[in-house]
Amino acid sequence: MKSLNKLSYPYIVWMTILVVLPMILILVLSFTNIDIFNIGSFNFTFDSFEYLKRPEVIEASKNSIRLSFFTTVICLFIGYPVAYYFANTKSKNKQLYIALIIVPVWSNMLLRIIAWEKLFYPNSILNMFGISFDLIGTDTAILIGMVSMYLPFMILPIYSVLDKMDKSLIEASRDLGANTLNTFLRVVLPLSLSGVLSGVLMTLLPSMTAFALPERLSGGKTLLIGNIIEDYFMKTGNINAGSLISIILMFVITFLFIGLLRFDKEGDTLL
Amino acid sequence: MKNNILKVFTGLAYSIIYFPILVIGLLSFNKSVKGYSFTGFTFNWYVEIFRDDRLLEAITNTLLIAFLSTIIATIIGTFTAIGINNLSKSSKFKMMIINNLPIINPDIVTGISLMLVLSLLPISFGMNTMLLAHIFFSIPFVILTVLPKLKRLDKNLYDAALDLGCTRLQAIYKVIIPAIKSSIIAGALIAFTMSIDDFVISYFTTGNGFQNVSLWIYSRLGRRSFNPAVYSYNTLIVFITITGLIVFNKVNNKRSLKEIK
Amino acid sequence: MSKIVEINNISKSFDESLVLDNINLYINQNEFVTLLGPSGCGKTTLLRLIGGFESQDSGQILFDGFPLKDMPAHKREINTVFQNYALFPNMNVYDNVAFGLKIKKMNSEDIKIEVNKALKLVKLVGYEKRRVDQLSGGQQQRIAIARAIVNKPKLLLLDEPLGALDLKLRQDMQYELKEMQKALGISFLFVTHDQEEALTMSDTVVVMNEGVIQQIGSPEDIYNEPKNKFTARFIGESNIVDGVMLKDLKVSFGGFEFKCVDKGFKSNELVDVVVRPEDIVLSKEEVGKITGVVDDITFKGVHFEIIVMVEDKEYIIHSTQRQTIGSIVSLGIGPNDIHVMRKSLEESK
């Protein structure tokens with residue numbers, strides 16, 4: 001029994017090299033002018049912090065927060081009822097319905113983004129149905145795209161919690177005189193909170209840091225924080241500033257994660 | 001009545017999720033290369049998949065990486081999960097925090113982290129590095145899927161196997177692994193899904209022109225070399241998956257009917 | 001009778017807390033031994049040491065005369081019936097029972113015969129193809145037993161195997177287990193926290209508490225002659241009162257002197273006196289006997305449980321005779337029904 005725990009030891013080494021080590025690297029890069037691809041002499045410096053004041057970085061941060069917030073809210077608004085429906089349907093095809101929510105993930109995300117992009121220009125294949133949109137560059141376009149990409153990640157965790165919930169709890173609540181709304185607010189919702197939190201995290205995080213989606217659906221106009229990082233690392237070669245932004249992002253997300261975990265007394269979130 | 005509202009929401013969810021996929025399907029039968037209007041019906045793009053060498057290579061690479069990383073990540077993840085399940089409560093908790101880090105970390109940060117570490121190693125970027133990256137981000141999902149099932153197993157199962165004469169290794173592959181088979185398969189499916197669709201992490205960990213489908217698309221966005229055959233590839237994949245699911249569902253329903261009888 | 005297992009000075013700690021403290025015990029061939037104690041007393045740990053799933057910090061276990069320490073679980077002629085059974089969920093009944101024999105690479109014809117024999121013994125012939133999760137708790141229990149005994153162990157370890165069964169089934173299984181043990185002619189080491197179970201089935205009962213053996217003896221000895229307060233309390237209900245041993249065969253408690261059968265105490269030694277509730281005879285108020293007031297009475301099916309207050313002390317009495325609450329009664333206790341015990345160490349401090 002005890003000897004089995006040794007099976008986890010190699011993973012500790014693996015994760016140290018691939019998770020902990022790069023975190024340290026990124027931290028070092030943030031506070032130095034070191035060139036990772038050509039390590040020579042270097043100094044500690046706070047130069048990278050200057051970049052945080054740049055208008056494009058500030059703008060991108062605002063965009064990230066606004067768009068990811070609305071994406072999450074919309075996904076929750078649509079996703080919760082869907083998860084509730086799946087958890088309570090008696091259809092024998094229930095498993096199929098749920099699987100069909102996941103299947104789109106097998107379809108290439110970039111292609112799905114391109115598909116939306118093509119529809120949001122005034123000239124699109126929708127013209128043959130007499131419909132025309134001019135949405136490229138608007139928040140609406142990005143929000144539709146994001147909801148379309150990330151909605152499954154909201155539905156699934158909520159569904160799995162609702163599905164496991166003891167259905168007699170609802171009957172018990174009714175039996176004790178609560179109406180449908182009260183039963184939902186006082187029994188179902190609190191018990192499904194851990195699923196909601198997982199769902200919120202799994203929608204919020206990718207939408208906050210997406211970079212291909214905003215690039216395409218805004219026609220390059222709306223940058224998110226992901227675009228900035230990608231730009232600094234891959235295009236302008238400003239690795240130190242890119243590292244600093246990454247580490248800040250990691251901190252923000254870790255705090256969000258820990259904050260949300262506090263609401264989850266059962267410890268079900270991602271565990 | 002209330003059920004109808006739920007059904008409306010469910011319909012809305014399916015529509016918004018499937019709409020782009022239908023559009024991709026439509027584009028795969030569209031004569032127009034640019035895809036801004038429907039100029040006529042054609043099967044040409046399905047044939048074209050096999051004519052565009054670069055695209056075909058990207059498809060092969062995607063599937064190769066997906067299969068290899070899934071197999072390797074599933075094996076490592078399963079054994080690690082067995083190990084984690086036998087840790088003391090506090091070490092288990094610490095392990096799960098480390099395990100979840102790559103999951104909550106944005107892809108872009110994971111991609112950059114891997115790029116930085118791999119650039120310190122004396123290996124050139126390309127298939128190896130991308131494969132390693134895919135194994136890396138798949139393992140946590142395998143562990144997350146397998147661990148709950150392990151927790152629910154009778155904790156004496158391994159001891160019972162030893163008691164009946166198994167060696168430690170036999171106890172794992174004759175008893176523990178068959179008992180958690182379904183969640184290992186689920187974990188492998190998630191790993192495969194993550195790998196086949198990955199763009200961001202592949203983007204940061206590839207090199208020397210090694211491309212999967214996502215990278216192939218990204219590098220050709222808005223260019224002439226963007227071949228609509230990729231729509232056909234995507235439509236095929238989705239079609240095969242959905243058909244498979246429906247068949248599986250039918251078989252499953254029949255089987256459960258029989259069990260009731 | 002020769003010893004099949006001999007346990008010498010075994011100690012074991014988990015995370016610096018001592019779970020087994022210098023345990024000495026032996027099990028004879030063909031003997032039904034029960035480890036009895038409350039949860040956390042170390043009985044399961046002791047069983048797991050013998051089964052080879054844990055190793056001791058110090059001491060030695062001899063099996064058939066050879067040290068067990070470095071012999072891995074799968075090489076010992078010992079098999080275990082686990083708590084909650086630990087049946088392999090992915091295998092049917094036949095494969096579960098045949099598992100150990102398959103591992104030993106016995107040929108499949110012989111396996112068939114042996115599995116059939118084992119299933120016959122547990123009365124589940126015909127269930128071979130069933131999935132284990134389709135069986136009732138009692139049936140799972142029997143499969144777990146069949147899976148263990150098919151390997152012909154010299155010693156069978158049973159870890160609270162009846163805990164998950166309902167009362168009626170548990171009583172049936174107690175009887176069957178005892179029959180099985182006789183039929184097989186092997187030793188059973190049975191772990192339970194249920195004193196009735198222990199007393200019904202065992203040849204020898206080992207009472208444990210906080211990692212220490214309190215008493216080893218036959219069920220009759222354990223019940224009638226508890227060596228200390230813990231055993232007396234744990235085995236059945238009893239009245240334990242403070243007393244003084246005046247001299248051999250003479251003890252004083254409750255303000256009166258009694259004849260008893262105990263000796264070997266210092267004169268005027270402070271002792272615990274145990275009287276079982278069914279050994280007290282109630283009568284009308286009599287001079288020269290302990291006298292008290294009936295405080296409460298509950299019908300328990302076969303007898304009444306009567307609480308009599310004697311000054312500040314509660315006496316529990318089992319009697320078939322009803323009493324009225326508030327009436328004054330006298331308590332009659334014969335010399336054979338008084339058990340005198342030394343005060344346990346911690347109390348005398």
# chains A, B, ... in the order shown; residues from 1 in each chain; ligands from 1
$ residues_around --residues "Pro214 in chain A" --least-positions-apart "5" --cutoff "7 Å" --atoms "only C-alpha atoms" --output "VMD selection string"
chain A and resid 142 222 to 224
$ interface_residues --of "chain C" --to "chain A" --cutoff "12 Å" --atoms "only C-alpha atoms" --output "ChimeraX atom specification"
/C:48,52-55,73
$ write_last_selection --atoms "C-alpha atoms" --output "compact mmCIF listing (two decimals), in the first residue's frame"
# COMPACT_ATOMS: atom_id res chain seq x y z
CA ARG C 48 -2.36 -6.21 8.71
CA GLY C 52 2.08 -8.58 5.46
CA PHE C 53 0.52 -5.25 4.47
CA GLU C 54 2.45 -3.32 7.08
CA SER C 55 5.73 -4.00 8.80
CA ALA C 73 2.36 -10.95 1.38
$ select_by_dssp --residues "range 100-181 of chain C" --states "helix (DSSP H, G or I)" --output "VMD selection string"
chain C and resid 100 to 103 108 to 121 132 to 134 137 to 149 167 to 181
$ closest_atom_pairs --of "chain B" --to "chain C" --cutoff "6 Å" --atoms "only C-alpha atoms" --output "JSON lines"
{"residue": "B:Asp154", "atom": "CA", "partner": "C:Ala86", "partner_atom": "CA", "distance": 5.6}
{"residue": "B:Asn156", "atom": "CA", "partner": "C:Ala86", "partner_atom": "CA", "distance": 5.5}
{"residue": "B:Leu157", "atom": "CA", "partner": "C:Ala86", "partner_atom": "CA", "distance": 5.0}
{"residue": "B:Leu162", "atom": "CA", "partner": "C:His74", "partner_atom": "CA", "distance": 5.1}
{"residue": "B:Asp163", "atom": "CA", "partner": "C:His74", "partner_atom": "CA", "distance": 5.3}
{"residue": "B:Leu164", "atom": "CA", "partner": "C:Gly100", "partner_atom": "CA", "distance": 4.6}
{"residue": "B:Gly165", "atom": "CA", "partner": "C:His74", "partner_atom": "CA", "distance": 3.9}
{"residue": "B:Cys166", "atom": "CA", "partner": "C:His74", "partner_atom": "CA", "distance": 5.8}
{"residue": "B:Ala179", "atom": "CA", "partner": "C:Asn90", "partner_atom": "CA", "distance": 5.3}
$ residues_around --residues "Asp139 in chain A" --least-positions-apart "2" --cutoff "9 Å" --atoms "only C-alpha atoms" --output "PyMOL selection string"
chain A and resi 67+135-137+141-144+217-218+222
$ select_by_dssp --residues "range 83-272 of chain C" --states "strand (DSSP E)" --output "PyMOL selection string"
chain C and resi 155-159+187-192+204-209+212-217+239-247+250-253+256-259+269-272
$ residues_around --residues "range 75-90 of chain A" --least-positions-apart "4" --cutoff "7 Å" --atoms "only C-alpha atoms" --output "ChimeraX atom specification"
/A:71,94,147,151,154-155,158-159,162-163 /B:6,9-10,13
$ residues_around --residues "Leu189 in chain B" --least-positions-apart "6" --cutoff "10 Å" --atoms "only C-alpha atoms" --output "NGL selection string"
:B and (70 or 74 or 141-142 or 183 or 195)
$ residues_around --residues "Gln95 in chain A" --least-positions-apart "3" --cutoff "12 Å" --atoms "only C-alpha atoms" --output "count of residues only"
22
$ atom_distance --atom1 "CA of Gly145 in chain A" --atom2 "CA of Leu213 in chain A"
7.4 Å
$ closest_residue --among "A:Val73, A:Val28, A:Val161, A:Leu201" --to "chain B" --atoms "only C-alpha atoms"
A:Leu201
$ residues_around --residues "Ile113 in chain A" --least-positions-apart "2" --cutoff "9 Å" --atoms "only C-alpha atoms" --output "list in words"
Asn108, Met109, Leu110, Leu111, Ala115, Trp116, Glu117, Lys118, Gly145, Met146, Met149, Ala212, Leu213, Arg216 and Leu217 of chain A; Pro20 of chain B
$ write_last_selection --atoms "N, CA and C atoms" --output "PDB file, in the first residue's frame"
ATOM      1  N   ASN A 108     -11.297  22.203 -35.209  1.00  0.00           N
ATOM      2  CA  ASN A 108     -10.209  23.136 -34.957  1.00  0.00           C
ATOM      3  C   ASN A 108     -10.713  24.515 -34.541  1.00  0.00           C
ATOM      4  N   MET A 109     -10.177  25.024 -33.436  1.00  0.00           N
ATOM      5  CA  MET A 109     -10.664  26.302 -32.918  1.00  0.00           C
ATOM      6  C   MET A 109     -10.374  27.462 -33.872  1.00  0.00           C
ATOM      7  N   LEU A 110      -9.204  27.438 -34.469  1.00  0.00           N
ATOM      8  CA  LEU A 110      -8.882  28.525 -35.408  1.00  0.00           C
ATOM      9  C   LEU A 110      -9.878  28.559 -36.563  1.00  0.00           C
ATOM     10  N   LEU A 111     -10.236  27.374 -37.052  1.00  0.00           N
ATOM     11  CA  LEU A 111     -11.196  27.336 -38.157  1.00  0.00           C
ATOM     12  C   LEU A 111     -12.552  27.871 -37.725  1.00  0.00           C
ATOM     13  N   ALA A 115     -14.550  30.917 -39.301  1.00  0.00           N
ATOM     14  CA  ALA A 115     -15.936  30.822 -39.756  1.00  0.00           C
ATOM     15  C   ALA A 115     -16.743  32.025 -39.275  1.00  0.00           C
ATOM     16  N   TRP A 116     -16.594  32.362 -37.991  1.00  0.00           N
ATOM     17  CA  TRP A 116     -17.294  33.555 -37.479  1.00  0.00           C
ATOM     18  C   TRP A 116     -16.808  34.800 -38.211  1.00  0.00           C
ATOM     19  N   GLU A 117     -15.495  34.875 -38.393  1.00  0.00           N
ATOM     20  CA  GLU A 117     -14.914  36.057 -39.028  1.00  0.00           C
ATOM     21  C   GLU A 117     -15.569  36.297 -40.387  1.00  0.00           C
ATOM     22  N   LYS A 118     -15.688  35.188 -41.149  1.00  0.00           N
ATOM     23  CA  LYS A 118     -16.232  35.322 -42.492  1.00  0.00           C
ATOM     24  C   LYS A 118     -17.694  35.782 -42.468  1.00  0.00           C
ATOM     25  N   GLY A 145     -18.019  35.176 -30.605  1.00  0.00           N
ATOM     26  CA  GLY A 145     -16.966  34.193 -30.853  1.00  0.00           C
ATOM     27  C   GLY A 145     -16.550  33.486 -29.580  1.00  0.00           C
ATOM     28  N   MET A 146     -16.329  34.267 -28.526  1.00  0.00           N
ATOM     29  CA  MET A 146     -15.849  33.668 -27.270  1.00  0.00           C
ATOM     30  C   MET A 146     -16.903  32.753 -26.652  1.00  0.00           C
ATOM     31  N   MET A 149     -16.918  29.526 -28.354  1.00  0.00           N
ATOM     32  CA  MET A 149     -15.762  28.676 -28.069  1.00  0.00           C
ATOM     33  C   MET A 149     -15.826  28.080 -26.661  1.00  0.00           C
ATOM     34  N   ALA A 212      -5.579  34.576 -30.603  1.00  0.00           N
ATOM     35  CA  ALA A 212      -5.955  34.452 -32.006  1.00  0.00           C
ATOM     36  C   ALA A 212      -7.373  34.986 -32.238  1.00  0.00           C
ATOM     37  N   LEU A 213      -8.259  34.711 -31.273  1.00  0.00           N
ATOM     38  CA  LEU A 213      -9.661  35.104 -31.449  1.00  0.00           C
ATOM     39  C   LEU A 213      -9.852  36.620 -31.549  1.00  0.00           C
ATOM     40  N   ARG A 216      -8.429  38.066 -34.875  1.00  0.00           N
ATOM     41  CA  ARG A 216      -9.216  37.863 -36.093  1.00  0.00           C
ATOM     42  C   ARG A 216     -10.534  38.624 -36.055  1.00  0.00           C
ATOM     43  N   LEU A 217     -11.248  38.532 -34.936  1.00  0.00           N
ATOM     44  CA  LEU A 217     -12.604  39.085 -34.920  1.00  0.00           C
ATOM     45  C   LEU A 217     -12.642  40.586 -34.690  1.00  0.00           C
TER      46      LEU A 217
ATOM     47  N   PRO B  20     -20.590  27.804 -36.184  1.00  0.00           N
ATOM     48  CA  PRO B  20     -19.350  27.885 -36.965  1.00  0.00           C
ATOM     49  C   PRO B  20     -18.993  26.564 -37.634  1.00  0.00           C
TER      50      PRO B  20
END
$ closest_residue --among "A:Ser194, A:Ser107, A:Asn123, A:Ser243" --to "Ile24 in chain B" --atoms "only C-alpha atoms"
A:Ser107
$ closest_residue --among "A:Met15, A:Lys62, A:Thr236, A:Met128" --to "Pro102 in chain B" --atoms "only C-alpha atoms"
A:Met15
$ atom_distance --atom1 "CA of Val47 in chain B" --atom2 "CA of Met130 in chain B"
28.7 Å
